[in-house]
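Peer 1: Handing you this structure, nothing more for now.
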Amino acid sequence: MTSPIRRLLAGRTCAAFATALIPTTLTLAVVRSGSAADLGIVLAAELVPMLLLLPVAGVAADRFPARRVVLAADLVRAAAQFGTGILLLAGPVQVGLLAVLAAATGVGVAFGNPSARTLVAAVVPAPDRLRTNARLGVAGGIAQIAGPATAGGTVLALGAGWSSLLTAALFAGSAFTLGGLRPLQAPAARVRAGFAAELRGGWAEARRHPWFLANALAHGVWHLAAGLLLTLGPLIAVESLGGAGSWVVVAQVGTAGLLAGVWAAGRLPIRRPLYGVAVGAAAQALPLAAFALRLPLGVTAAAYFAAMFGLGVLSPLWETELQRRIPLEALGRVGSFDTLISFASRPLGLAVAAPLAAAAGTAVPLLAAAALSAAANLGVLLLPDVRAADSEREPAPALR
């Protein structure tokens, strides 16, 4: 593994771990001193600017060197978390100021996400990208496990302020690690259009790839269904599968599946990566159906393992295909549309789960989500570009 790839992995791992610390820190800090409504305000303050600014961030990712955008985004997040830490150490929770700092964090997330994808394509040789994306997936999966536990332990032992200061230090480490990376080759010179023209150009490039639009929409359905599952699954586990401990078992088995999937993604002999993406995403129907039918705990846990294994496989494959099939100069803008659809869909699923369950019970929305998720993701296999093997499809020049 070359030094730039090691540096990339180190920086992205710091950022993933820092990101995983934030929700638990804020939840414990606000709920202990405020209310669930206050927590909702703070979390929404981060989500809203993130969604609004993602298309803008996509333009920035294509217009400026990716390492500089990532550097700025991580420094913004570091400063916001440092301010949060000082605020929490200073005294009682001030929801308004926390919301402002959360919004700044959301801005950093919005600008960091498309540029991080572009940075991988810029510094990692094409033959190494799948293995690198798989390693990044493993690091992200471990961060999802270790982050909440670390945040909870730090809050209980030292206080929420120190957890936020740790988060700030990790973002700073990511900034100075990734900010020094150099691309494999200088980016091609191009004439810059205005912001609106570049945004339209990104959308035109996305429309030029039916395989991308079909998958992005299918992934939106996946995240919508995930919102339903994460809301209704624990309720069903408590009612029918043996109590709260059963949901913990299912979640832990799923985490193991995710890590196994991302580990396997770079090692499986998959000639048509988008087949792997479609089948991996469609596996989500298994736990949705298992919870809807209230199958035994062992069967439900196995179904969730399969679904999370599929997610682990599809994530590196999808990232690598985007980096291979979308021209580098348009990757930030095109990728931002995919991220926007995914980020917006899961909160929608979380929001509608309870009203749907109240109106129709838990089984109907979960079975409907299972059918829709399977149909949307397997349906993309009908497209010729999805069925193409690696050797049959090369990137086309971007529309300027």
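Ordered as shown in the structure tokens, chains take letters A, B, and onward, while each chain numbers its residues from 1 and ligands are numbered from 1 in the order shown.
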Set the distance at 9 Å and use only C-alpha atoms: which residues neighbour Ser115 in chain A once local chain neighbours fewer than 5 positions away are removed? I'd like the list as number ranges by chain.

Peer 2: A: 57-58, 60-62, 65-70, 120, 331-332

Peer 1: Take the residues from that selection and put them in a file with N, CA and C atoms, as a PDB file, in the first residue's frame.

Peer 2:
```pdb
ATOM      1  N   ALA A  57     -22.108  22.054  -2.955  1.00  0.00           N
ATOM      2  CA  ALA A  57     -20.859  21.379  -2.622  1.00  0.00           C
ATOM      3  C   ALA A  57     -20.360  20.536  -3.789  1.00  0.00           C
ATOM      4  N   GLY A  58     -21.282  19.950  -4.553  1.00  0.00           N
ATOM      5  CA  GLY A  58     -20.870  19.185  -5.725  1.00  0.00           C
ATOM      6  C   GLY A  58     -20.154  20.051  -6.744  1.00  0.00           C
ATOM      7  N   ALA A  60     -18.503  22.799  -6.012  1.00  0.00           N
ATOM      8  CA  ALA A  60     -17.205  23.127  -5.414  1.00  0.00           C
ATOM      9  C   ALA A  60     -16.222  21.981  -5.563  1.00  0.00           C
ATOM     10  N   ALA A  61     -16.701  20.746  -5.430  1.00  0.00           N
ATOM     11  CA  ALA A  61     -15.822  19.581  -5.538  1.00  0.00           C
ATOM     12  C   ALA A  61     -15.213  19.458  -6.927  1.00  0.00           C
ATOM     13  N   ASP A  62     -15.962  19.892  -7.953  1.00  0.00           N
ATOM     14  CA  ASP A  62     -15.456  19.817  -9.322  1.00  0.00           C
ATOM     15  C   ASP A  62     -14.685  21.067  -9.726  1.00  0.00           C
ATOM     16  N   PRO A  65      -9.589  22.091  -6.163  1.00  0.00           N
ATOM     17  CA  PRO A  65      -8.902  20.841  -5.806  1.00  0.00           C
ATOM     18  C   PRO A  65      -9.590  20.163  -4.621  1.00  0.00           C
ATOM     19  N   ALA A  66      -9.841  18.869  -4.753  1.00  0.00           N
ATOM     20  CA  ALA A  66     -10.609  18.146  -3.731  1.00  0.00           C
ATOM     21  C   ALA A  66      -9.946  18.234  -2.363  1.00  0.00           C
ATOM     22  N   ARG A  67      -8.628  18.150  -2.316  1.00  0.00           N
ATOM     23  CA  ARG A  67      -7.949  18.160  -1.017  1.00  0.00           C
ATOM     24  C   ARG A  67      -8.167  19.484  -0.291  1.00  0.00           C
ATOM     25  N   ARG A  68      -8.269  20.577  -1.035  1.00  0.00           N
ATOM     26  CA  ARG A  68      -8.492  21.877  -0.394  1.00  0.00           C
ATOM     27  C   ARG A  68      -9.915  21.991   0.143  1.00  0.00           C
ATOM     28  N   VAL A  69     -10.877  21.472  -0.611  1.00  0.00           N
ATOM     29  CA  VAL A  69     -12.266  21.506  -0.128  1.00  0.00           C
ATOM     30  C   VAL A  69     -12.416  20.631   1.106  1.00  0.00           C
ATOM     31  N   VAL A  70     -11.805  19.440   1.079  1.00  0.00           N
ATOM     32  CA  VAL A  70     -11.863  18.554   2.242  1.00  0.00           C
ATOM     33  C   VAL A  70     -11.184  19.202   3.441  1.00  0.00           C
ATOM     34  N   VAL A 120     -10.605  10.388  -3.477  1.00  0.00           N
ATOM     35  CA  VAL A 120     -10.209   8.993  -3.684  1.00  0.00           C
ATOM     36  C   VAL A 120      -9.855   8.766  -5.149  1.00  0.00           C
ATOM     37  N   LEU A 331     -17.439  14.306 -11.228  1.00  0.00           N
ATOM     38  CA  LEU A 331     -17.768  13.333 -10.191  1.00  0.00           C
ATOM     39  C   LEU A 331     -18.405  13.979  -8.960  1.00  0.00           C
ATOM     40  N   GLY A 332     -17.919  15.144  -8.558  1.00  0.00           N
ATOM     41  CA  GLY A 332     -18.475  15.801  -7.380  1.00  0.00           C
ATOM     42  C   GLY A 332     -19.935  16.164  -7.563  1.00  0.00           C
TER      43      GLY A 332
END
```

Peer 1: Might you pull out every residue within 12 Å of Val31 in chain A, with only C-alpha atoms counted and same-chain residues fewer than 6 positions away left off, and present them as a list in words?

Peer 2: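 The contact residues come out as Pro23, Thr24, Thr25, Ala37, Asp38, Leu39, Gly40, Ile41, Val42, Pro92, Val93, Val95 and Ala160 of chain A.
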
Peer 1: Take the residues from that selection and put them in a file with N, CA and C atoms, as a PDB file, in the first residue's frame.

Peer 2:
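Final output, again.pdb:
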```pdb
ATOM      1  N   PRO A  23     -23.626  12.204  17.148  1.00  0.00           N
ATOM      2  CA  PRO A  23     -25.025  11.995  17.567  1.00  0.00           C
ATOM      3  C   PRO A  23     -25.173  11.598  19.028  1.00  0.00           C
ATOM      4  N   THR A  24     -24.332  10.669  19.499  1.00  0.00           N
ATOM      5  CA  THR A  24     -24.443  10.229  20.895  1.00  0.00           C
ATOM      6  C   THR A  24     -24.095  11.361  21.852  1.00  0.00           C
ATOM      7  N   THR A  25     -23.059  12.127  21.526  1.00  0.00           N
ATOM      8  CA  THR A  25     -22.673  13.251  22.386  1.00  0.00           C
ATOM      9  C   THR A  25     -23.808  14.254  22.512  1.00  0.00           C
ATOM     10  N   ALA A  37     -37.677  17.576  22.338  1.00  0.00           N
ATOM     11  CA  ALA A  37     -37.920  18.628  21.341  1.00  0.00           C
ATOM     12  C   ALA A  37     -36.658  19.436  21.088  1.00  0.00           C
ATOM     13  N   ASP A  38     -35.907  19.743  22.158  1.00  0.00           N
ATOM     14  CA  ASP A  38     -34.644  20.467  21.987  1.00  0.00           C
ATOM     15  C   ASP A  38     -33.663  19.651  21.145  1.00  0.00           C
ATOM     16  N   LEU A  39     -33.608  18.356  21.405  1.00  0.00           N
ATOM     17  CA  LEU A  39     -32.723  17.495  20.622  1.00  0.00           C
ATOM     18  C   LEU A  39     -33.130  17.509  19.155  1.00  0.00           C
ATOM     19  N   GLY A  40     -34.434  17.458  18.890  1.00  0.00           N
ATOM     20  CA  GLY A  40     -34.901  17.506  17.510  1.00  0.00           C
ATOM     21  C   GLY A  40     -34.481  18.780  16.805  1.00  0.00           C
ATOM     22  N   ILE A  41     -34.511  19.912  17.523  1.00  0.00           N
ATOM     23  CA  ILE A  41     -34.099  21.184  16.939  1.00  0.00           C
ATOM     24  C   ILE A  41     -32.625  21.154  16.559  1.00  0.00           C
ATOM     25  N   VAL A  42     -31.793  20.634  17.466  1.00  0.00           N
ATOM     26  CA  VAL A  42     -30.355  20.604  17.222  1.00  0.00           C
ATOM     27  C   VAL A  42     -30.022  19.675  16.053  1.00  0.00           C
ATOM     28  N   PRO A  92     -24.881  25.333  31.545  1.00  0.00           N
ATOM     29  CA  PRO A  92     -26.091  24.663  31.058  1.00  0.00           C
ATOM     30  C   PRO A  92     -26.181  24.708  29.531  1.00  0.00           C
ATOM     31  N   VAL A  93     -26.877  23.723  28.991  1.00  0.00           N
ATOM     32  CA  VAL A  93     -27.042  23.634  27.542  1.00  0.00           C
ATOM     33  C   VAL A  93     -27.818  24.837  27.019  1.00  0.00           C
ATOM     34  N   VAL A  95     -29.592  25.752  23.791  1.00  0.00           N
ATOM     35  CA  VAL A  95     -30.055  25.071  22.587  1.00  0.00           C
ATOM     36  C   VAL A  95     -29.838  25.921  21.336  1.00  0.00           C
ATOM     37  N   ALA A 160     -19.959  15.832  28.384  1.00  0.00           N
ATOM     38  CA  ALA A 160     -20.193  15.951  26.939  1.00  0.00           C
ATOM     39  C   ALA A 160     -19.220  16.914  26.275  1.00  0.00           C
TER      40      ALA A 160
END
```

Peer 1: When you draw a straight line from CA of Asn215 in chain A to CA of Val380 in chain A, how long is it in Å?

Peer 2: 6.6 Å

Peer 1: Taking a cut-off of 8 Å and counting only C-alpha atoms, can you build a table that, for each residue of range 105-139 of chain A near range 313-329 of chain A, reports the nearest atom pair and how far apart they are in Å (one decimal), sorted by chain then residue number, as CSV?

Peer 2:
```
residue,atom,partner,partner_atom,distance
A:Arg117,CA,A:Glu319,CA,7.6
A:Thr118,CA,A:Leu328,CA,7.0
A:Ala121,CA,A:Gln323,CA,5.7
A:Ala122,CA,A:Leu328,CA,7.6
A:Ala126,CA,A:Arg324,CA,7.4
A:Arg129,CA,A:Thr320,CA,6.1
A:Leu130,CA,A:Thr320,CA,5.6
A:Asn133,CA,A:Pro316,CA,4.9
A:Ala134,CA,A:Pro316,CA,5.1
A:Gly137,CA,A:Pro316,CA,6.7
```

Peer 1: Using only C-alpha atoms, which residue out of A:Phe17, A:Phe171, A:Phe64, A:Phe195 lies closest to Ala143 in chain A?

Peer 2: A:Phe17
